[in-house]
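Source file target30.pdb; content: PDB, C-alpha atoms.
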ATOM      1  CA  MET Z   1      -5.445 -21.649  18.449
ATOM      2  CA  ILE Z   2      -8.152 -21.173  15.838
ATOM      3  CA  ILE Z   3      -7.247 -20.069  12.303
ATOM      4  CA  THR Z   4      -9.889 -19.187   9.732
ATOM      5  CA  GLN Z   5      -9.436 -18.827   5.988
ATOM      6  CA  THR Z   6     -11.740 -16.337   4.241
ATOM      7  CA  PRO Z   7     -11.713 -15.574   0.502
ATOM      8  CA  TYR Z   8     -11.383 -12.144  -1.012
ATOM      9  CA  ARG Z   9     -13.812 -11.279  -3.774
ATOM     10  CA  VAL Z  10     -14.122  -9.847  -7.262
ATOM     11  CA  SER Z  11     -17.286  -7.810  -7.791
ATOM     12  CA  LEU Z  12     -18.363  -8.056 -11.423
ATOM     13  CA  PHE Z  13     -21.614  -6.105 -11.783
ATOM     14  CA  GLY Z  14     -24.026  -3.994  -9.762
ATOM     15  CA  GLY Z  15     -21.646  -2.275  -7.372
ATOM     16  CA  VAL Z  16     -23.061   0.736  -5.470
ATOM     17  CA  THR Z  17     -26.622  -0.685  -5.700
ATOM     18  CA  ASP Z  18     -25.765  -2.654  -2.525
ATOM     19  CA  TYR Z  19     -25.653   0.554  -0.471
ATOM     20  CA  PRO Z  20     -28.749   0.972   1.731
ATOM     21  CA  ALA Z  21     -29.013   4.594   0.592
ATOM     22  CA  TRP Z  22     -29.917   3.167  -2.831
ATOM     23  CA  TYR Z  23     -31.648  -0.164  -2.347
ATOM     24  CA  HIS Z  24     -34.030   0.983   0.410
ATOM     25  CA  GLU Z  25     -35.722   3.059  -2.278
ATOM     26  CA  HIS Z  26     -35.020   1.204  -5.518
ATOM     27  CA  GLY Z  27     -33.835  -2.296  -4.675
ATOM     28  CA  GLY Z  28     -30.435  -3.488  -5.856
ATOM     29  CA  ALA Z  29     -28.519  -6.429  -7.281
ATOM     30  CA  THR Z  30     -24.879  -7.482  -7.562
ATOM     31  CA  LEU Z  31     -23.007 -10.321  -9.230
ATOM     32  CA  GLY Z  32     -19.591 -11.365  -8.014
ATOM     33  CA  MET Z  33     -17.316 -14.208  -7.004
ATOM     34  CA  ALA Z  34     -15.036 -15.295  -4.213
ATOM     35  CA  ILE Z  35     -11.461 -15.909  -5.385
ATOM     36  CA  ASP Z  36      -8.613 -18.140  -4.246
ATOM     37  CA  ARG Z  37      -6.758 -15.359  -2.448
ATOM     38  CA  TYR Z  38      -7.402 -15.335   1.265
ATOM     39  CA  CYS Z  39      -7.445 -13.517   4.573
ATOM     40  CA  TYR Z  40      -6.181 -15.596   7.525
ATOM     41  CA  VAL Z  41      -7.307 -14.700  11.037
ATOM     42  CA  SER Z  42      -5.906 -16.393  14.135
ATOM     43  CA  VAL Z  43      -7.339 -16.190  17.628
ATOM     44  CA  ASN Z  44      -6.167 -17.725  20.863
ATOM     45  CA  HIS Z  45      -6.617 -17.357  24.558
ATOM     46  CA  ALA Z  46      -4.013 -14.940  25.886
ATOM     47  CA  PRO Z  47      -0.658 -16.726  26.219
ATOM     48  CA  PRO Z  48       1.439 -16.485  29.401
ATOM     49  CA  GLY Z  49       3.101 -13.103  29.587
ATOM     50  CA  GLN Z  50       0.442 -11.158  27.705
ATOM     51  CA  THR Z  51      -0.077  -8.171  29.965
ATOM     52  CA  ALA Z  52      -3.082  -6.586  28.250
ATOM     53  CA  ARG Z  53      -6.523  -8.147  27.920
ATOM     54  CA  TYR Z  54      -6.479  -7.835  24.119
ATOM     55  CA  ARG Z  55      -3.518  -8.136  21.756
ATOM     56  CA  ILE Z  56      -4.287  -7.382  18.116
ATOM     57  CA  ALA Z  57      -1.516  -7.988  15.573
ATOM     58  CA  TYR Z  58      -1.810  -6.775  11.970
ATOM     59  CA  SER Z  59       0.464  -4.170  10.321
ATOM     60  CA  LYS Z  60       0.992  -2.959  13.887
ATOM     61  CA  ILE Z  61       0.539  -4.485  17.334
ATOM     62  CA  GLU Z  62      -2.000  -3.123  19.787
ATOM     63  CA  ASP Z  63      -2.081  -4.083  23.461
ATOM     64  CA  ARG Z  64      -5.327  -2.819  25.003
ATOM     65  CA  ASP Z  65      -7.243  -3.443  28.197
ATOM     66  CA  ARG Z  66     -10.467  -1.872  26.905
ATOM     67  CA  VAL Z  67     -12.222  -2.769  23.675
ATOM     68  CA  GLU Z  68     -13.123   0.841  22.981
ATOM     69  CA  ASP Z  69      -9.425   1.758  22.897
ATOM     70  CA  ILE Z  70      -8.656  -0.637  20.021
ATOM     71  CA  GLU Z  71      -7.764   1.261  16.853
ATOM     72  CA  HIS Z  72      -8.415  -1.538  14.356
ATOM     73  CA  PRO Z  73     -12.104  -1.004  13.517
ATOM     74  CA  GLY Z  74     -12.898  -4.588  12.516
ATOM     75  CA  ALA Z  75     -11.322  -6.109  15.620
ATOM     76  CA  ARG Z  76     -12.952  -3.519  17.870
ATOM     77  CA  GLY Z  77     -16.358  -4.050  16.293
ATOM     78  CA  VAL Z  78     -16.345  -7.846  16.492
ATOM     79  CA  LEU Z  79     -15.086  -7.879  20.089
ATOM     80  CA  GLN Z  80     -17.795  -5.380  21.047
ATOM     81  CA  HIS Z  81     -20.493  -7.267  19.160
ATOM     82  CA  LEU Z  82     -19.649 -10.613  20.757
ATOM     83  CA  ASP Z  83     -18.950  -8.966  24.134
ATOM     84  CA  VAL Z  84     -15.624 -10.783  24.465
ATOM     85  CA  ARG Z  85     -14.160 -10.154  27.903
ATOM     86  CA  THR Z  86     -11.838 -13.161  28.024
ATOM     87  CA  PRO Z  87      -8.189 -12.175  27.393
ATOM     88  CA  VAL Z  88      -7.381 -13.064  23.786
ATOM     89  CA  ALA Z  89      -4.699 -12.608  21.128
ATOM     90  CA  LEU Z  90      -5.722 -11.901  17.525
ATOM     91  CA  GLY Z  91      -3.537 -12.173  14.421
ATOM     92  CA  TYR Z  92      -3.985 -11.401  10.727
ATOM     93  CA  GLN Z  93      -2.250 -12.242   7.477
ATOM     94  CA  GLY Z  94      -3.496 -11.691   3.923
ATOM     95  CA  ASP Z  95      -2.499 -12.995   0.503
ATOM     96  CA  LEU Z  96      -3.018  -9.488  -0.935
ATOM     97  CA  LEU Z  97      -2.816  -6.013   0.539
ATOM     98  CA  SER Z  98      -5.762  -4.449   2.337
ATOM     99  CA  GLY Z  99      -7.207  -1.327   0.746
ATOM    100  CA  SER Z 100      -6.972  -2.813  -2.742
ATOM    101  CA  GLY Z 101     -10.667  -3.177  -3.612
ATOM    102  CA  LEU Z 102     -10.993  -6.916  -2.943
ATOM    103  CA  GLY Z 103     -13.238  -6.789   0.116
ATOM    104  CA  ALA Z 104     -10.435  -7.399   2.616
ATOM    105  CA  SER Z 105     -12.079  -5.489   5.478
ATOM    106  CA  SER Z 106     -15.274  -7.510   5.270
ATOM    107  CA  ALA Z 107     -13.309 -10.752   4.857
ATOM    108  CA  TYR Z 108     -11.492  -9.932   8.094
ATOM    109  CA  VAL Z 109     -14.735  -9.302   9.984
ATOM    110  CA  VAL Z 110     -16.302 -12.526   8.670
ATOM    111  CA  GLY Z 111     -13.176 -14.529   9.507
ATOM    112  CA  LEU Z 112     -12.845 -13.030  12.988
ATOM    113  CA  LEU Z 113     -16.503 -13.672  13.798
ATOM    114  CA  MET Z 114     -16.129 -17.340  12.879
ATOM    115  CA  ALA Z 115     -12.800 -17.693  14.691
ATOM    116  CA  LEU Z 116     -13.954 -16.138  17.966
ATOM    117  CA  ARG Z 117     -17.165 -18.135  17.948
ATOM    118  CA  ALA Z 118     -15.121 -21.317  17.569
ATOM    119  CA  LEU Z 119     -12.635 -20.310  20.294
ATOM    120  CA  LEU Z 120     -15.316 -19.378  22.812
ATOM    121  CA  GLY Z 121     -17.636 -22.285  22.067
ATOM    122  CA  ARG Z 122     -20.399 -20.035  20.749
ATOM    123  CA  LYS Z 123     -23.178 -21.557  18.664
ATOM    124  CA  HIS Z 124     -22.222 -22.118  15.011
ATOM    125  CA  VAL Z 125     -23.804 -19.580  12.674
ATOM    126  CA  GLU Z 126     -25.315 -20.519   9.304
ATOM    127  CA  ARG Z 127     -23.471 -18.909   6.370
ATOM    128  CA  VAL Z 128     -26.075 -16.329   5.361
ATOM    129  CA  SER Z 129     -26.516 -15.387   9.024
ATOM    130  CA  LEU Z 130     -22.731 -14.993   9.297
ATOM    131  CA  ALA Z 131     -22.797 -12.525   6.376
ATOM    132  CA  LEU Z 132     -25.680 -10.594   7.943
ATOM    133  CA  GLU Z 133     -23.867 -10.520  11.279
ATOM    134  CA  ALA Z 134     -20.768  -9.084   9.580
ATOM    135  CA  ILE Z 135     -22.908  -6.425   7.874
ATOM    136  CA  HIS Z 136     -24.342  -5.495  11.270
ATOM    137  CA  VAL Z 137     -20.861  -5.159  12.775
ATOM    138  CA  GLU Z 138     -19.557  -2.995   9.933
ATOM    139  CA  ARG Z 139     -22.597  -0.803   9.458
ATOM    140  CA  HIS Z 140     -24.005  -0.481  12.974
ATOM    141  CA  VAL Z 141     -21.208  -1.221  15.448
ATOM    142  CA  ILE Z 142     -18.258   0.545  13.844
ATOM    143  CA  ASN Z 143     -20.481   2.713  11.596
ATOM    144  CA  GLU Z 144     -18.572   2.265   8.344
ATOM    145  CA  PRO Z 145     -20.367   3.532   5.200
ATOM    146  CA  ILE Z 146     -19.954   0.214   3.395
ATOM    147  CA  GLY Z 147     -22.116  -1.792   1.022
ATOM    148  CA  CYS Z 148     -23.638  -5.187   1.694
ATOM    149  CA  GLN Z 149     -22.160  -7.527  -0.920
ATOM    150  CA  ASP Z 150     -18.614  -8.279   0.243
ATOM    151  CA  GLN Z 151     -19.733 -10.055   3.406
ATOM    152  CA  PHE Z 152     -21.810 -12.559   1.416
ATOM    153  CA  TYR Z 153     -19.008 -13.497  -0.973
ATOM    154  CA  ALA Z 154     -16.649 -13.935   2.001
ATOM    155  CA  ALA Z 155     -19.082 -16.095   3.972
ATOM    156  CA  LEU Z 156     -20.584 -18.136   1.125
ATOM    157  CA  GLY Z 157     -17.835 -18.395  -1.490
ATOM    158  CA  GLY Z 158     -18.565 -19.262  -5.099
ATOM    159  CA  LEU Z 159     -20.139 -17.210  -7.874
ATOM    160  CA  THR Z 160     -23.230 -15.502  -6.453
ATOM    161  CA  ARG Z 161     -25.977 -13.115  -7.481
ATOM    162  CA  LEU Z 162     -27.311 -11.028  -4.602
ATOM    163  CA  ARG Z 163     -30.638  -9.212  -4.319
ATOM    164  CA  PHE Z 164     -31.332  -6.290  -2.003
ATOM    165  CA  GLU Z 165     -34.958  -5.390  -1.418
ATOM    166  CA  PRO Z 166     -36.387  -1.991  -0.379
ATOM    167  CA  ASP Z 167     -37.619  -3.519   2.886
ATOM    168  CA  GLY Z 168     -34.060  -4.510   3.764
ATOM    169  CA  GLN Z 169     -34.359  -8.205   2.901
ATOM    170  CA  MET Z 170     -31.277  -9.711   1.236
ATOM    171  CA  SER Z 171     -30.992 -12.975  -0.663
ATOM    172  CA  ALA Z 172     -28.111 -14.904  -2.219
ATOM    173  CA  HIS Z 173     -28.421 -17.131  -5.291
ATOM    174  CA  ALA Z 174     -25.511 -19.390  -6.206
ATOM    175  CA  VAL Z 175     -24.580 -19.467  -9.897
ATOM    176  CA  HIS Z 176     -23.299 -22.820 -11.179
ATOM    177  CA  LEU Z 177     -21.324 -22.928 -14.422
ATOM    178  CA  SER Z 178     -20.024 -25.996 -16.200
ATOM    179  CA  PRO Z 179     -16.339 -26.681 -15.397
ATOM    180  CA  GLU Z 180     -15.364 -25.745 -18.973
ATOM    181  CA  ARG Z 181     -17.168 -22.409 -18.874
ATOM    182  CA  GLN Z 182     -15.940 -21.655 -15.368
ATOM    183  CA  ARG Z 183     -12.335 -22.242 -16.427
ATOM    184  CA  GLY Z 184     -12.760 -20.255 -19.633
ATOM    185  CA  ILE Z 185     -14.099 -17.255 -17.749
ATOM    186  CA  GLU Z 186     -11.408 -17.477 -15.062
ATOM    187  CA  ASP Z 187      -8.669 -17.755 -17.706
ATOM    188  CA  SER Z 188      -9.845 -14.471 -19.226
ATOM    189  CA  LEU Z 189      -9.744 -12.458 -15.978
ATOM    190  CA  VAL Z 190      -6.681 -10.811 -14.481
ATOM    191  CA  LEU Z 191      -6.107  -8.356 -11.642
ATOM    192  CA  VAL Z 192      -3.728  -5.470 -12.319
ATOM    193  CA  TYR Z 193      -2.485  -3.358  -9.433
ATOM    194  CA  THR Z 194      -2.733   0.400  -9.938
ATOM    195  CA  GLY Z 195      -0.083   1.178  -7.336
ATOM    196  CA  VAL Z 196      -2.545   3.369  -5.429
ATOM    197  CA  MET Z 197      -3.810   2.425  -1.970
ATOM    198  CA  ARG Z 198      -6.899   4.120  -0.562
ATOM    199  CA  HIS Z 199      -9.290   4.035   2.400
ATOM    200  CA  ALA Z 200     -12.480   2.536   1.005
ATOM    201  CA  HIS Z 201     -14.811   4.156   3.525
ATOM    202  CA  GLU Z 202     -13.685   7.642   2.522
ATOM    203  CA  MET Z 203     -14.457   7.001  -1.160
ATOM    204  CA  ALA Z 204     -17.675   5.195  -0.241
ATOM    205  CA  ALA Z 205     -18.942   8.231   1.665
ATOM    206  CA  LYS Z 206     -18.455  10.384  -1.430
ATOM    207  CA  VAL Z 207     -20.251   7.846  -3.606
ATOM    208  CA  ILE Z 208     -23.191   7.701  -1.193
ATOM    209  CA  ASP Z 209     -23.502  11.489  -1.278
ATOM    210  CA  ALA Z 210     -23.686  11.344  -5.087
ATOM    211  CA  ILE Z 211     -26.427   8.691  -5.236
ATOM    212  CA  PRO Z 212     -29.465  11.029  -5.444
ATOM    213  CA  ASP Z 213     -28.088  12.617  -8.635
ATOM    214  CA  ARG Z 214     -26.998   9.366 -10.334
ATOM    215  CA  GLN Z 215     -30.207   7.362 -10.614
ATOM    216  CA  ARG Z 216     -29.847   6.617 -14.336
ATOM    217  CA  GLN Z 217     -26.394   5.157 -13.843
ATOM    218  CA  LEU Z 218     -27.407   3.053 -10.855
ATOM    219  CA  HIS Z 219     -30.510   1.589 -12.482
ATOM    220  CA  ARG Z 220     -28.330   0.596 -15.414
ATOM    221  CA  LEU Z 221     -25.654  -0.901 -13.173
ATOM    222  CA  ALA Z 222     -28.262  -3.108 -11.493
ATOM    223  CA  ALA Z 223     -29.653  -4.176 -14.881
ATOM    224  CA  LEU Z 224     -26.187  -5.230 -16.041
ATOM    225  CA  THR Z 225     -26.226  -8.045 -13.471
ATOM    226  CA  VAL Z 226     -28.832  -9.809 -15.633
ATOM    227  CA  GLU Z 227     -26.843  -9.349 -18.851
ATOM    228  CA  GLY Z 228     -23.628 -10.277 -17.062
ATOM    229  CA  LEU Z 229     -25.140 -13.471 -15.702
ATOM    230  CA  ALA Z 230     -26.277 -14.465 -19.210
ATOM    231  CA  ALA Z 231     -22.759 -13.876 -20.563
ATOM    232  CA  LEU Z 232     -21.245 -16.021 -17.792
ATOM    233  CA  GLU Z 233     -23.722 -18.846 -18.325
ATOM    234  CA  ARG Z 234     -22.969 -18.847 -22.065
ATOM    235  CA  GLY Z 235     -19.257 -18.673 -21.362
ATOM    236  CA  THR Z 236     -18.979 -15.752 -23.776
ATOM    237  CA  VAL Z 237     -15.750 -13.929 -22.974
ATOM    238  CA  ALA Z 238     -16.299 -11.224 -25.614
ATOM    239  CA  ALA Z 239     -19.709 -10.310 -24.190
ATOM    240  CA  LEU Z 240     -18.340 -10.329 -20.642
ATOM    241  CA  GLY Z 241     -15.538  -7.938 -21.577
ATOM    242  CA  LEU Z 242     -17.938  -5.535 -23.309
ATOM    243  CA  LEU Z 243     -20.322  -5.547 -20.350
ATOM    244  CA  LEU Z 244     -17.503  -4.900 -17.876
ATOM    245  CA  HIS Z 245     -16.443  -1.931 -19.997
ATOM    246  CA  ARG Z 246     -19.999  -0.562 -20.045
ATOM    247  CA  SER Z 247     -20.238  -1.055 -16.286
ATOM    248  CA  TRP Z 248     -16.985   0.841 -15.745
ATOM    249  CA  LEU Z 249     -18.091   3.771 -17.895
ATOM    250  CA  LEU Z 250     -21.282   4.036 -15.854
ATOM    251  CA  LYS Z 251     -19.571   3.718 -12.482
ATOM    252  CA  ARG Z 252     -16.948   6.371 -13.214
ATOM    253  CA  GLU Z 253     -19.795   8.839 -13.890
ATOM    254  CA  ILE Z 254     -20.971   8.546 -10.280
ATOM    255  CA  HIS Z 255     -18.119  10.584  -8.797
ATOM    256  CA  GLN Z 256     -15.092  12.240 -10.367
ATOM    257  CA  GLU Z 257     -12.695  10.783  -7.789
ATOM    258  CA  ILE Z 258     -13.584   7.165  -8.598
ATOM    259  CA  ALA Z 259     -11.192   7.223 -11.547
ATOM    260  CA  PRO Z 260      -8.144   9.427 -10.868
ATOM    261  CA  PRO Z 261      -5.801  10.064 -13.813
ATOM    262  CA  ILE Z 262      -3.406   7.247 -12.902
ATOM    263  CA  VAL Z 263      -6.275   4.743 -12.964
ATOM    264  CA  ASP Z 264      -7.674   6.098 -16.225
ATOM    265  CA  ALA Z 265      -4.263   5.889 -17.862
ATOM    266  CA  LEU Z 266      -3.691   2.290 -16.747
ATOM    267  CA  TYR Z 267      -7.174   1.286 -17.875
ATOM    268  CA  GLU Z 268      -6.637   2.743 -21.346
ATOM    269  CA  HIS Z 269      -3.232   1.064 -21.485
ATOM    270  CA  GLY Z 270      -4.869  -2.259 -20.602
ATOM    271  CA  LEU Z 271      -7.265  -1.913 -23.525
ATOM    272  CA  ALA Z 272      -4.332  -1.099 -25.819
ATOM    273  CA  CYS Z 273      -2.604  -4.260 -24.588
ATOM    274  CA  GLY Z 274      -5.534  -6.395 -25.705
ATOM    275  CA  ALA Z 275      -8.152  -6.317 -22.929
ATOM    276  CA  LEU Z 276     -11.770  -6.274 -24.077
ATOM    277  CA  GLY Z 277     -12.882  -4.332 -21.026
ATOM    278  CA  GLY Z 278     -12.576  -4.156 -17.297
ATOM    279  CA  LYS Z 279     -13.342  -2.151 -14.201
ATOM    280  CA  LEU Z 280     -11.813  -0.799 -11.027
ATOM    281  CA  LEU Z 281     -12.680  -2.966  -8.050
ATOM    282  CA  GLY Z 282     -14.090  -1.655  -4.807
ATOM    283  CA  ALA Z 283     -15.287   1.843  -3.997
ATOM    284  CA  GLY Z 284     -12.833   3.509  -6.374
ATOM    285  CA  GLY Z 285      -9.769   5.710  -6.263
ATOM    286  CA  GLY Z 286      -7.158   2.946  -6.477
ATOM    287  CA  GLY Z 287      -6.472  -0.702  -5.711
ATOM    288  CA  PHE Z 288      -6.850  -3.351  -8.419
ATOM    289  CA  LEU Z 289      -8.250  -3.091 -11.910
ATOM    290  CA  LEU Z 290      -9.956  -6.205 -13.244
ATOM    291  CA  PHE Z 291      -9.412  -6.848 -16.959
ATOM    292  CA  CYS Z 292     -11.062  -9.341 -19.291
ATOM    293  CA  VAL Z 293      -8.485 -10.605 -21.794
ATOM    294  CA  PRO Z 294      -9.251 -13.395 -24.329
ATOM    295  CA  SER Z 295      -6.784 -16.282 -24.331
ATOM    296  CA  GLU Z 296      -5.305 -15.399 -27.734
ATOM    297  CA  ARG Z 297      -4.277 -11.963 -26.407
ATOM    298  CA  ARG Z 298      -3.013 -13.067 -23.021
ATOM    299  CA  ALA Z 299       0.691 -13.296 -23.929
ATOM    300  CA  LYS Z 300       0.676  -9.778 -25.422
ATOM    301  CA  PHE Z 301      -1.178  -8.385 -22.417
ATOM    302  CA  ASP Z 302       1.164  -9.945 -19.875
ATOM    303  CA  ALA Z 303       4.239  -8.778 -21.785
ATOM    304  CA  GLU Z 304       3.102  -5.177 -22.284
ATOM    305  CA  ILE Z 305       0.923  -4.159 -19.316
ATOM    306  CA  GLY Z 306       3.926  -3.120 -17.185
ATOM    307  CA  ALA Z 307       2.159  -3.427 -13.823
ATOM    308  CA  PRO Z 308       1.845  -6.228 -11.230
ATOM    309  CA  CYS Z 309      -0.677  -8.861 -12.358
ATOM    310  CA  VAL Z 310      -2.514 -11.499 -10.321
ATOM    311  CA  ARG Z 311      -4.176 -14.490 -11.966
ATOM    312  CA  PHE Z 312      -6.782 -16.279  -9.868
ATOM    313  CA  ARG Z 313      -9.427 -18.968  -9.740
ATOM    314  CA  GLY Z 314     -12.829 -18.901  -8.137
ATOM    315  CA  ALA Z 315     -13.073 -20.081  -4.534
ATOM    316  CA  PRO Z 316     -16.052 -22.441  -4.246
ATOM    317  CA  ASP Z 317     -16.013 -22.353  -0.448
ATOM    318  CA  GLY Z 318     -16.518 -19.398   1.844
ATOM    319  CA  CYS Z 319     -15.027 -18.778   5.256
ATOM    320  CA  ARG Z 320     -13.901 -21.925   7.056
ATOM    321  CA  VAL Z 321     -11.948 -22.979  10.115
ATOM    322  CA  LEU Z 322      -8.582 -24.022   8.749
ATOM    323  CA  VAL Z 323      -6.964 -24.961  12.072
ATOM    324  CA  ASP Z 324      -8.770 -25.863  15.274
ATOM    325  CA  GLY Z 325      -6.275 -26.480  18.025
ATOM    326  CA  HIS Z 326      -9.023 -26.857  20.623
ATOM    327  CA  LYS Z 327     -10.506 -30.090  19.296
TER     328      LYS Z 327
END
Rendering of file as structure tokens:
Amino acid sequence: MIITQTPYRVSLFGGVTDYPAWYHEHGGATLGMAIDRYCYVSVNHAPPGQTARYRIAYSKIEDRDRVEDIEHPGARGVLQHLDVRTPVALGYQGDLLSGSGLGASSAYVVGLLMALRALLGRKHVERVSLALEAIHVERHVINEPIGCQDQFYAALGGLTRLRFEPDGQMSAHAVHLSPERQRGIEDSLVLVYTGVMRHAHEMAAKVIDAIPDRQRQLHRLAALTVEGLAALERGTVAALGLLLHRSWLLKREIHQEIAPPIVDALYEHGLACGALGGKLLGAGGGGFLLFCVPSERRAKFDAEIGAPCVRFRGAPDGCRVLVDGHK
């Protein structure tokens, strides 16, 4: 059996500018980080007694003889892309729920690509190439209207600034903070669950449709990656919180469904509890809010927010093989 461990991510600045519908004309940039909450994917050759060619276990179990009959889009796409015809069994477990704005779908695709390559003895893929391969699977094999940042954070890990050029070229630049500044920034960040699950691709399609009429907002969102990077490098929590708030105000202007009333109410409550700013993660509509809370306000925030909170650290490493039972 092969088991891979792939980090989820927190996108800080520049979201939506990683959609091809935007960056092919204007270029784009994002700033985000992998976190120490993970997606675990297991793959194995079909065990004795497995009657179907493919068994895919997640929140349900699928037994299929044809790849095209698999309902799980990520599993179907990776198996098609790699042309896997050997009988296999796939499993999945995550530290946090899918559909919560943390890049879980892309983490699954990245982790499954690495796991199947290891199981089948395929050539190892360099990390950036692994991210690009995952983008290809999601955008061109299963035709999901997704952006192109999550795959990089999952494959590379760490704190990373990404650039998207009009000609389609993509580049990743690792950001290295001192241990003190890294810890100070991480201590100020907290995930708060809105209680609303959503299908990211449905919200993403609406956002893409709105892009032509939201150029001012998107240019500003891309520019905030530069200001956000400066705040991180200075370790300035107050500036980071303010910039996250400005980013959120811009993003919620893109489409009215990005911030439903329940999200708006929780965000305003978070500010009243002491947060300096924050944003909704992912395409919008639900999932996790990210808040920036200075250390002196943390106790008040935790006591009064009244919603599930997740503290986290950055994950310096991207996708890796955690267990290799074939060595």
Residue among Z:Thr194, Z:Leu281, Z:Val16, Z:Leu79 lying closest to His255 in chain Z, counting all atoms listed in the file: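 Among Z:Thr194, Z:Leu281, Z:Val16, Z:Leu79, it is Z:Val16 that comes nearest to His255 in chain Z.
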Of the listed residues Z:Asp324, Z:Glu126, Z:Asp63, Z:Glu133, that which approaches Leu82 in chain Z most closely, counting all atoms listed in the file: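 Of all the options, Z:Glu133 lies closest to Leu82 in chain Z.
When CA of Leu159 in chain Z is paired with CA of Gln93 in chain Z, their separation reads 24.1 Å.
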Output of the PyMOL selection byres ((chain Z and resi 241-246) around 12), listed as number ranges by chain: Z: 11-15, 31-32, 185, 188-190, 217, 220-221, 223-232, 235-240, 247-253, 267-268, 270-271, 274-281, 289-294
Selection under test: the PyMOL selection byres ((chain Z and resi 69) around 12); residues as a PyMOL selection string: chain Z and resi 52-56+62-68+70-73+75-77+79-80
Closest of Z:Leu120, Z:Ile3, Z:Val78, Z:Ile35 to Ala134 in chain Z - atom-to-atom distances counting only C-alpha atoms: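 Residue with the minimum atom-to-atom distance to Ala134 in chain Z: Z:Val78.
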Pick from Z:Ser59, Z:Ser129, Z:Gln5, Z:Asn143 nearest to Leu97 in chain Z, counting all atoms listed in the file: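 Answer, going by the shortest atom-to-atom distance: Z:Ser59.
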Expansion of the PyMOL selection byres ((chain Z and resi 103) around 10) into residues, as an mmCIF file with C-alpha atoms, keeping the file's coordinate frame:
data_model
loop_
_atom_site.group_PDB
_atom_site.id
_atom_site.type_symbol
_atom_site.label_atom_id
_atom_site.label_comp_id
_atom_site.auth_asym_id
_atom_site.auth_seq_id
_atom_site.Cartn_x
_atom_site.Cartn_y
_atom_site.Cartn_z
ATOM 1 C CA PRO Z 7 -11.713 -15.574 0.502
ATOM 2 C CA TYR Z 8 -11.383 -12.144 -1.012
ATOM 3 C CA ARG Z 9 -13.812 -11.279 -3.774
ATOM 4 C CA VAL Z 10 -14.122 -9.847 -7.262
ATOM 5 C CA SER Z 11 -17.286 -7.810 -7.791
ATOM 6 C CA ALA Z 34 -15.036 -15.295 -4.213
ATOM 7 C CA CYS Z 39 -7.445 -13.517 4.573
ATOM 8 C CA SER Z 98 -5.762 -4.449 2.337
ATOM 9 C CA GLY Z 99 -7.207 -1.327 0.746
ATOM 10 C CA SER Z 100 -6.972 -2.813 -2.742
ATOM 11 C CA GLY Z 101 -10.667 -3.177 -3.612
ATOM 12 C CA LEU Z 102 -10.993 -6.916 -2.943
ATOM 13 C CA ALA Z 104 -10.435 -7.399 2.616
ATOM 14 C CA SER Z 105 -12.079 -5.489 5.478
ATOM 15 C CA SER Z 106 -15.274 -7.510 5.270
ATOM 16 C CA ALA Z 107 -13.309 -10.752 4.857
ATOM 17 C CA TYR Z 108 -11.492 -9.932 8.094
ATOM 18 C CA GLN Z 149 -22.160 -7.527 -0.920
ATOM 19 C CA ASP Z 150 -18.614 -8.279 0.243
ATOM 20 C CA GLN Z 151 -19.733 -10.055 3.406
ATOM 21 C CA TYR Z 153 -19.008 -13.497 -0.973
ATOM 22 C CA ALA Z 154 -16.649 -13.935 2.001
ATOM 23 C CA ALA Z 200 -12.480 2.536 1.005
ATOM 24 C CA LEU Z 281 -12.680 -2.966 -8.050
ATOM 25 C CA GLY Z 282 -14.090 -1.655 -4.807
ATOM 26 C CA ALA Z 283 -15.287 1.843 -3.997
#
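For the set Z:Leu119, Z:Ala21, Z:Gly111, Z:Ile2, the residue with the smallest atom-to-atom gap to Asp209 in chain Z is Z:Ala21, counting only C-alpha atoms.
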How big is the axis-aligned box around the listed atoms of range 177-192 of chain Z once 3 Å is added on each side, and where is its centre? Give both in Å to one decimal, as lines of an AutoDock Vina configuration file.
center_x = -12.5
center_y = -16.1
center_z = -15.6
size_x = 23.6
size_y = 27.2
size_z = 14.0
Interatomic distance, CA of Ala315 in chain Z to CA of Leu156 in chain Z (Å, one decimal):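 Here the two named atoms are 9.6 Å from each other.
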Nearby residues (all atoms listed in the file) at most 9 Å from range 47-49 of chain Z, same-chain spacing under 3 positions excluded, as a ChimeraX atom specification: /Z:44,87-89
Resulting file, chosen residues, C-alpha atoms, as an mmCIF file, keeping the file's coordinate frame:
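Printed below is part_24.cif as written:
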data_model
loop_
_atom_site.group_PDB
_atom_site.id
_atom_site.type_symbol
_atom_site.label_atom_id
_atom_site.label_comp_id
_atom_site.auth_asym_id
_atom_site.auth_seq_id
_atom_site.Cartn_x
_atom_site.Cartn_y
_atom_site.Cartn_z
ATOM 1 C CA ASN Z 44 -6.167 -17.725 20.863
ATOM 2 C CA PRO Z 87 -8.189 -12.175 27.393
ATOM 3 C CA VAL Z 88 -7.381 -13.064 23.786
ATOM 4 C CA ALA Z 89 -4.699 -12.608 21.128
#
Proximity to Ala174 in chain Z - best of Z:Glu144, Z:Glu202, Z:Glu25, Z:Asp317, only C-alpha atoms: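 Checking each candidate against Ala174 in chain Z, we get Z:Asp317 as the closest.
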Separation of CA of Trp22 in chain Z from CA of Ile254 in chain Z in Å: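 Atom-to-atom, CA of Ile254 in chain Z to CA of Trp22 in chain Z, that is 12.8 Å.
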Neighbours of point (-22.3, -20.2, 10.8) within 10 Å, using only C-alpha atoms, written as a ChimeraX atom specification: /Z:110,113-114,117-118,123-131,133,155,319-320
